[in-house]
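Next up, my_file_35.csv (CSV, C-alpha atoms):
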chain,number,residue,atom,x,y,z
M,125,PRO,CA,82.7,89.2,110.4
M,126,THR,CA,83.4,91.7,107.7
M,127,GLY,CA,83.7,94.6,110.1
M,128,ALA,CA,81.9,96.9,107.7
M,129,LEU,CA,81.2,100.3,109.1
M,130,VAL,CA,79.4,101.6,106.0
M,131,GLY,CA,78.9,100.1,102.6
M,132,SER,CA,77.0,99.9,99.3
M,133,SER,CA,76.0,96.5,97.9
M,134,PHE,CA,73.7,98.0,95.2
M,135,LEU,CA,71.2,95.3,95.9
M,136,LEU,CA,68.2,97.5,95.0
M,137,GLY,CA,69.6,100.4,93.2
M,138,ASN,CA,72.5,102.9,92.7
M,139,GLU,CA,72.2,104.1,96.4
M,140,GLU,CA,72.7,107.7,95.3
M,141,TRP,CA,76.2,107.3,94.0
M,142,THR,CA,77.1,109.9,91.3
M,143,ILE,CA,79.7,110.5,88.6
M,144,GLU,CA,81.9,113.5,88.4
M,145,GLY,CA,84.4,114.5,85.8
M,146,ASN,CA,82.4,113.9,82.6
M,147,ARG,CA,80.7,116.6,80.6
M,148,ALA,CA,78.0,117.2,83.3
M,149,LEU,CA,79.2,118.5,86.6
M,150,SER,CA,77.6,115.6,88.4
M,151,THR,CA,75.3,112.8,87.1
M,152,GLY,CA,73.6,109.8,88.5
M,153,VAL,CA,75.0,106.3,87.7
M,154,ALA,CA,73.4,103.4,85.9
M,155,PHE,CA,72.4,100.4,87.9
M,156,GLU,CA,72.2,96.8,86.6
M,157,PRO,CA,70.6,94.1,88.7
M,158,TYR,CA,72.6,91.3,87.1
M,159,SER,CA,75.3,88.8,88.1
M,160,ARG,CA,78.5,88.7,86.1
M,161,GLY,CA,80.8,86.1,87.5
M,162,THR,CA,81.7,85.7,91.2
M,163,LEU,CA,82.7,89.3,91.9
M,164,LEU,CA,79.8,91.3,90.3
M,165,ASN,CA,76.3,90.9,91.5
M,166,HIS,CA,74.0,94.0,91.2
M,167,TYR,CA,76.4,96.9,90.5
M,168,ILE,CA,76.7,100.4,89.1
M,169,LEU,CA,78.5,101.5,86.0
M,170,GLY,CA,79.7,104.6,84.2
M,171,SER,CA,81.2,105.5,80.9
M,172,ASP,CA,83.5,108.2,79.6
M,173,ASP,CA,81.8,110.9,77.7
M,174,LYS,CA,84.6,113.4,77.8
M,175,VAL,CA,88.1,112.7,76.5
M,176,ASN,CA,90.6,115.5,76.9
M,177,VAL,CA,94.0,114.8,75.3
M,178,GLN,CA,96.6,117.4,74.4
M,179,ALA,CA,97.9,115.4,71.4
M,180,ALA,CA,97.1,112.3,69.5
M,181,GLY,CA,97.9,109.3,71.6
M,182,GLY,CA,98.2,111.4,74.7
M,183,LEU,CA,96.7,110.8,78.2
M,184,ASP,CA,93.2,111.8,79.2
M,185,GLN,CA,93.5,115.0,81.2
M,186,SER,CA,89.9,114.9,82.4
M,187,LEU,CA,89.2,111.9,84.6
M,188,TRP,CA,85.8,110.7,85.8
M,189,TYR,CA,85.1,109.3,89.2
M,190,PHE,CA,82.4,107.4,91.1
M,191,VAL,CA,81.5,109.6,94.1
M,192,ALA,CA,80.0,108.1,97.3
M,193,PRO,CA,76.8,109.3,98.9
M,194,SER,CA,76.4,111.1,102.2
M,195,LYS,CA,76.2,107.9,104.3
M,196,PHE,CA,79.9,107.4,103.7
M,197,LEU,CA,80.8,110.8,105.0
M,198,GLY,CA,81.2,112.4,108.4
M,199,ASN,CA,83.1,110.8,111.3
M,200,VAL,CA,84.4,107.4,110.4
M,201,GLY,CA,87.6,107.8,112.4
M,202,ILE,CA,87.1,104.4,113.9
M,203,ALA,CA,88.0,103.0,110.4
M,204,TYR,CA,91.6,104.1,111.0
M,205,GLY,CA,93.8,100.9,110.6
M,206,GLY,CA,91.0,99.2,108.6
M,207,THR,CA,90.4,99.2,104.9
M,208,ILE,CA,88.4,100.7,102.1
M,209,GLN,CA,87.3,97.9,99.8
M,210,PHE,CA,85.5,97.7,96.4
M,211,THR,CA,85.2,95.6,93.2
M,212,LEU,CA,86.0,97.0,89.8
M,213,SER,CA,85.4,95.5,86.4
M,214,SER,CA,85.3,96.8,82.8
M,215,PHE,CA,82.8,96.2,80.0
M,216,SER,CA,84.7,98.1,77.4
M,217,GLY,CA,87.9,100.0,76.9
M,218,ASP,CA,91.5,99.5,75.8
M,219,PHE,CA,93.3,98.7,79.1
M,220,SER,CA,96.7,98.4,77.3
M,221,LYS,CA,96.7,102.2,77.1
M,222,LEU,CA,96.1,103.4,80.6
M,223,ASN,CA,96.1,106.9,82.0
M,224,SER,CA,99.0,108.3,84.0
M,225,GLN,CA,100.2,105.9,86.7
M,226,GLU,CA,100.0,108.9,89.0
M,227,SER,CA,96.2,109.1,88.6
M,228,HIS,CA,94.5,108.4,91.9
M,229,VAL,CA,92.4,105.3,92.3
M,230,VAL,CA,90.8,106.6,95.4
M,231,LEU,CA,90.6,110.2,96.8
M,232,LEU,CA,89.6,110.9,100.4
M,233,GLU,CA,88.8,114.5,101.3
M,234,CYS,CA,88.3,116.6,104.4
M,235,ALA,CA,87.0,120.0,103.4
M,236,GLU,CA,87.3,121.4,107.0
M,237,CYS,CA,90.7,120.2,107.9
M,238,ILE,CA,93.7,122.6,108.0
M,239,GLY,CA,95.8,121.8,104.9
M,240,PRO,CA,99.4,122.6,103.9
M,241,VAL,CA,98.5,126.0,102.5
M,242,GLY,CA,94.8,126.6,103.0
M,243,ARG,CA,91.7,124.8,104.3
M,244,GLY,CA,91.2,121.2,103.2
M,245,ILE,CA,93.2,118.0,103.0
M,246,THR,CA,93.0,115.5,100.1
M,247,LEU,CA,94.6,112.1,100.3
M,248,GLY,CA,95.2,110.0,97.2
M,249,TYR,CA,96.2,106.4,96.4
M,250,SER,CA,97.7,106.1,92.9
M,251,MET,CA,97.5,103.6,90.1
M,252,ALA,CA,101.2,102.9,90.5
M,253,THR,CA,100.9,102.2,94.2
M,254,LEU,CA,97.9,99.9,93.5
M,255,ALA,CA,100.0,97.9,90.9
M,256,ARG,CA,102.7,97.4,93.5
M,257,SER,CA,100.3,96.4,96.2
M,258,PRO,CA,99.0,92.8,96.9
M,259,ASN,CA,95.9,93.9,94.9
M,260,GLY,CA,97.8,94.1,91.7
M,261,ALA,CA,97.0,96.4,88.7
M,262,PHE,CA,93.5,96.7,87.4
M,263,THR,CA,93.6,95.3,83.8
M,264,GLY,CA,89.9,95.5,83.1
M,265,ALA,CA,89.2,92.0,84.5
M,266,PRO,CA,87.1,91.8,87.7
M,267,LEU,CA,89.3,92.9,90.7
M,268,ARG,CA,88.6,93.1,94.4
M,269,VAL,CA,90.5,96.0,95.9
M,270,SER,CA,91.4,96.4,99.6
M,271,LEU,CA,93.4,99.5,100.6
M,272,PRO,CA,94.7,99.9,104.2
M,273,LEU,CA,93.6,103.1,105.9
M,274,GLN,CA,96.9,103.7,107.6
M,275,GLU,CA,100.1,105.8,107.2
M,276,GLY,CA,103.0,104.2,105.3
M,277,LYS,CA,100.6,102.2,103.2
M,278,GLY,CA,100.7,104.2,100.0
M,279,TRP,CA,98.5,107.3,100.8
M,280,MET,CA,99.8,110.6,99.6
M,281,LYS,CA,98.7,114.1,100.6
M,282,ASP,CA,98.0,117.0,98.2
M,283,SER,CA,100.6,119.8,98.8
M,284,GLN,CA,98.0,122.4,97.5
M,285,ASN,CA,100.9,123.8,95.4
M,286,SER,CA,101.1,122.7,91.7
M,287,LEU,CA,104.9,123.3,91.9
M,288,ARG,CA,105.4,120.8,94.7
M,289,PRO,CA,104.8,117.1,94.7
M,290,TRP,CA,102.3,115.3,96.9
M,291,THR,CA,103.9,114.1,100.2
M,292,GLN,CA,103.4,110.9,102.2
M,293,ALA,CA,100.4,111.2,104.4
M,294,SER,CA,101.1,111.2,108.2
M,295,GLN,CA,99.2,109.3,110.9
M,296,CYS,CA,97.4,112.6,111.9
M,297,ASP,CA,96.5,113.3,108.2
M,298,ILE,CA,94.7,110.0,107.8
M,299,ILE,CA,93.0,110.1,111.2
M,300,GLN,CA,91.8,113.7,110.6
M,301,VAL,CA,90.5,113.0,107.1
M,302,LEU,CA,88.6,109.9,108.3
M,303,SER,CA,87.2,111.8,111.3
M,304,ARG,CA,85.7,114.6,109.1
M,305,LEU,CA,85.3,112.8,105.8
M,306,SER,CA,83.6,115.1,103.2
M,307,LYS,CA,84.1,113.2,99.9
M,308,VAL,CA,85.1,109.7,98.7
M,309,SER,CA,85.9,109.2,95.0
M,310,ILE,CA,86.8,106.0,93.2
M,311,LEU,CA,88.4,106.1,89.7
M,312,GLY,CA,86.3,105.1,86.7
M,313,ASP,CA,88.5,106.7,84.0
M,314,TRP,CA,91.4,104.2,83.7
M,315,THR,CA,92.2,104.4,80.0
M,316,ALA,CA,93.4,107.1,77.6
M,317,TRP,CA,90.2,106.8,75.5
M,318,HIS,CA,86.6,105.7,76.2
M,319,GLU,CA,85.7,103.0,78.7
M,320,THR,CA,82.8,101.5,80.6
M,321,VAL,CA,83.6,100.5,84.2
M,322,ALA,CA,81.5,98.8,86.9
M,323,LEU,CA,81.7,99.2,90.6
M,324,ASP,CA,80.3,96.9,93.2
M,325,ASP,CA,80.4,96.1,97.0
M,326,VAL,CA,82.0,99.2,98.3
M,327,ARG,CA,82.7,99.3,102.1
M,328,ILE,CA,84.8,100.9,104.7
M,329,ALA,CA,85.6,98.3,107.3
M,330,ASN,CA,87.6,97.6,110.4
M,331,THR,CA,87.5,94.7,112.7
M,332,LYS,CA,89.5,96.2,115.5
M,333,GLY,CA,89.5,99.8,116.9
M,334,GLN,CA,93.0,101.2,116.5
M,335,LEU,CA,92.6,105.0,117.1
M,336,PRO,CA,95.6,106.1,119.2
M,337,LEU,CA,95.1,108.3,122.3
M,338,CYS,CA,97.1,111.1,120.7
M,339,ALA,CA,94.1,111.7,118.3
M,340,MET,CA,91.3,111.4,120.9
M,341,GLU,CA,91.4,114.8,122.5
M,342,ARG,CA,88.4,115.8,120.3
M,343,PRO,CA,85.9,113.5,118.6
M,344,ASP,CA,86.7,115.0,115.2
M,345,ALA,CA,90.5,114.6,115.7
M,346,SER,CA,90.9,118.3,115.0
M,347,ILE,CA,93.6,118.2,117.7
M,348,CYS,CA,96.1,115.4,116.8
M,349,THR,CA,99.5,115.2,118.4
M,350,CYS,CA,100.6,111.8,117.0
Go ahead and render the structure in this file as structure tokens.
Amino acid sequence: PTGALVGSSFLLGNEEWTIEGNRALSTGVAFEPYSRGTLLNHYILGSDDKVNVQAAGGLDQSLWYFVAPSKFLGNVGIAYGGTIQFTLSSFSGDFSKLNSQESHVVLLECAECIGPVGRGITLGYSMATLARSPNGAFTGAPLRVSLPLQEGKGWMKDSQNSLRPWTQASQCDIIQVLSRLSKVSILGDWTAWHETVALDDVRIANTKGQLPLCAMERPDASICTC
């Protein structure tokens, strides 16, 4: 069993995924009902239409992301200890010139959680961490990615202060974000110039419930003493 709690296979369409970070505030994604190798079979794709570099040869400062539809949001706290999985592949782009290794491959957000400074918690998993993980770096070739939804596994928390670095996400951070998930974003803008990237078979999965008692006082984990 896959243990999938929610997912998008893109069998019949784009399933209301969108793109953010290009010229338009939010746009729909293209859908292709084709098979390309063993990892891509009916998928969505996006392309960079906004490159923002401060100097010739510099890094792109405006990154575009695939953004998940509403079915991925809400209380998915039961996914704690499981994984978020997806397949990436590129159709164009120079992957020898990547954006900053601190760019986030996945962003998980809770708009209602109490953050370090104000309302909201954002968790990120960086390109550098992905490269060091068993997944390996994304080089443009088809890659199946599986990221553990657990503390100590590479997730960092936005400090909400541009003068302070992101900090390692705690157990409560991850549980609270998953229990009130308001946004899921997956990086499409990997290179310093234009690229076209495909996304397929996205799922949040868990084969075994692992929520600790210290996070169960309220269903939304708004009280967590772990």
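Pairwise distance (atom CA of Ser224 of chain M, atom CA of Glu156 of chain M) equals 29.3 Å.
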Could you give me, as a VMD selection string, the residues that sit within 9 Å of (98.9, 111.1, 116.3) in the file's coordinates, counting all atoms listed in the file?
chain M and resid 294 to 297 299 335 to 340 347 to 350
Separation of atom CA of Trp188 of chain M and atom CA of Asn138 of chain M, in Å?
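Here the two named atoms are 16.9 Å from each other.
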Taking a cut-off of 12 Å and counting only C-alpha atoms, can you build a table that, for each residue of segment 302-347 of chain M near segment 257-271 of chain M, reports the nearest atom pair and how far apart they are in Å (one decimal), sorted by chain then residue number, as CSV?
residue,atom,partner,partner_atom,distance
M:Ile310,CA,M:Val269,CA,11.0
M:Leu311,CA,M:Phe262,CA,10.9
M:Gly312,CA,M:Gly264,CA,10.9
M:Asp313,CA,M:Gly264,CA,11.3
M:Trp314,CA,M:Phe262,CA,8.6
M:Thr315,CA,M:Gly264,CA,9.7
M:Glu319,CA,M:Gly264,CA,9.7
M:Thr320,CA,M:Gly264,CA,9.6
M:Val321,CA,M:Gly264,CA,8.1
M:Ala322,CA,M:Pro266,CA,9.0
M:Leu323,CA,M:Pro266,CA,9.6
M:Asp324,CA,M:Arg268,CA,9.2
M:Asp325,CA,M:Arg268,CA,9.1
M:Val326,CA,M:Val269,CA,9.4
M:Arg327,CA,M:Ser270,CA,9.5
M:Ile328,CA,M:Ser270,CA,9.5
M:Ala329,CA,M:Ser270,CA,9.8
M:Asn330,CA,M:Ser270,CA,11.5
Residue nearest Val130 of chain M - candidates M:Thr207, M:Ser186, M:Ser159, M:Asn146, atoms counted: all atoms listed in the file:
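Using all atoms listed in the file, Val130 of chain M sits closest to M:Thr207.
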Quick one: everything within 8 Å of segment 235-245 of chain M, counting all atoms listed in the file, minus sequence neighbours fewer than 5 positions away in the same chain. Send it as a VMD selection string.
chain M and resid 281 to 285 297 300 to 301 304 to 306 346
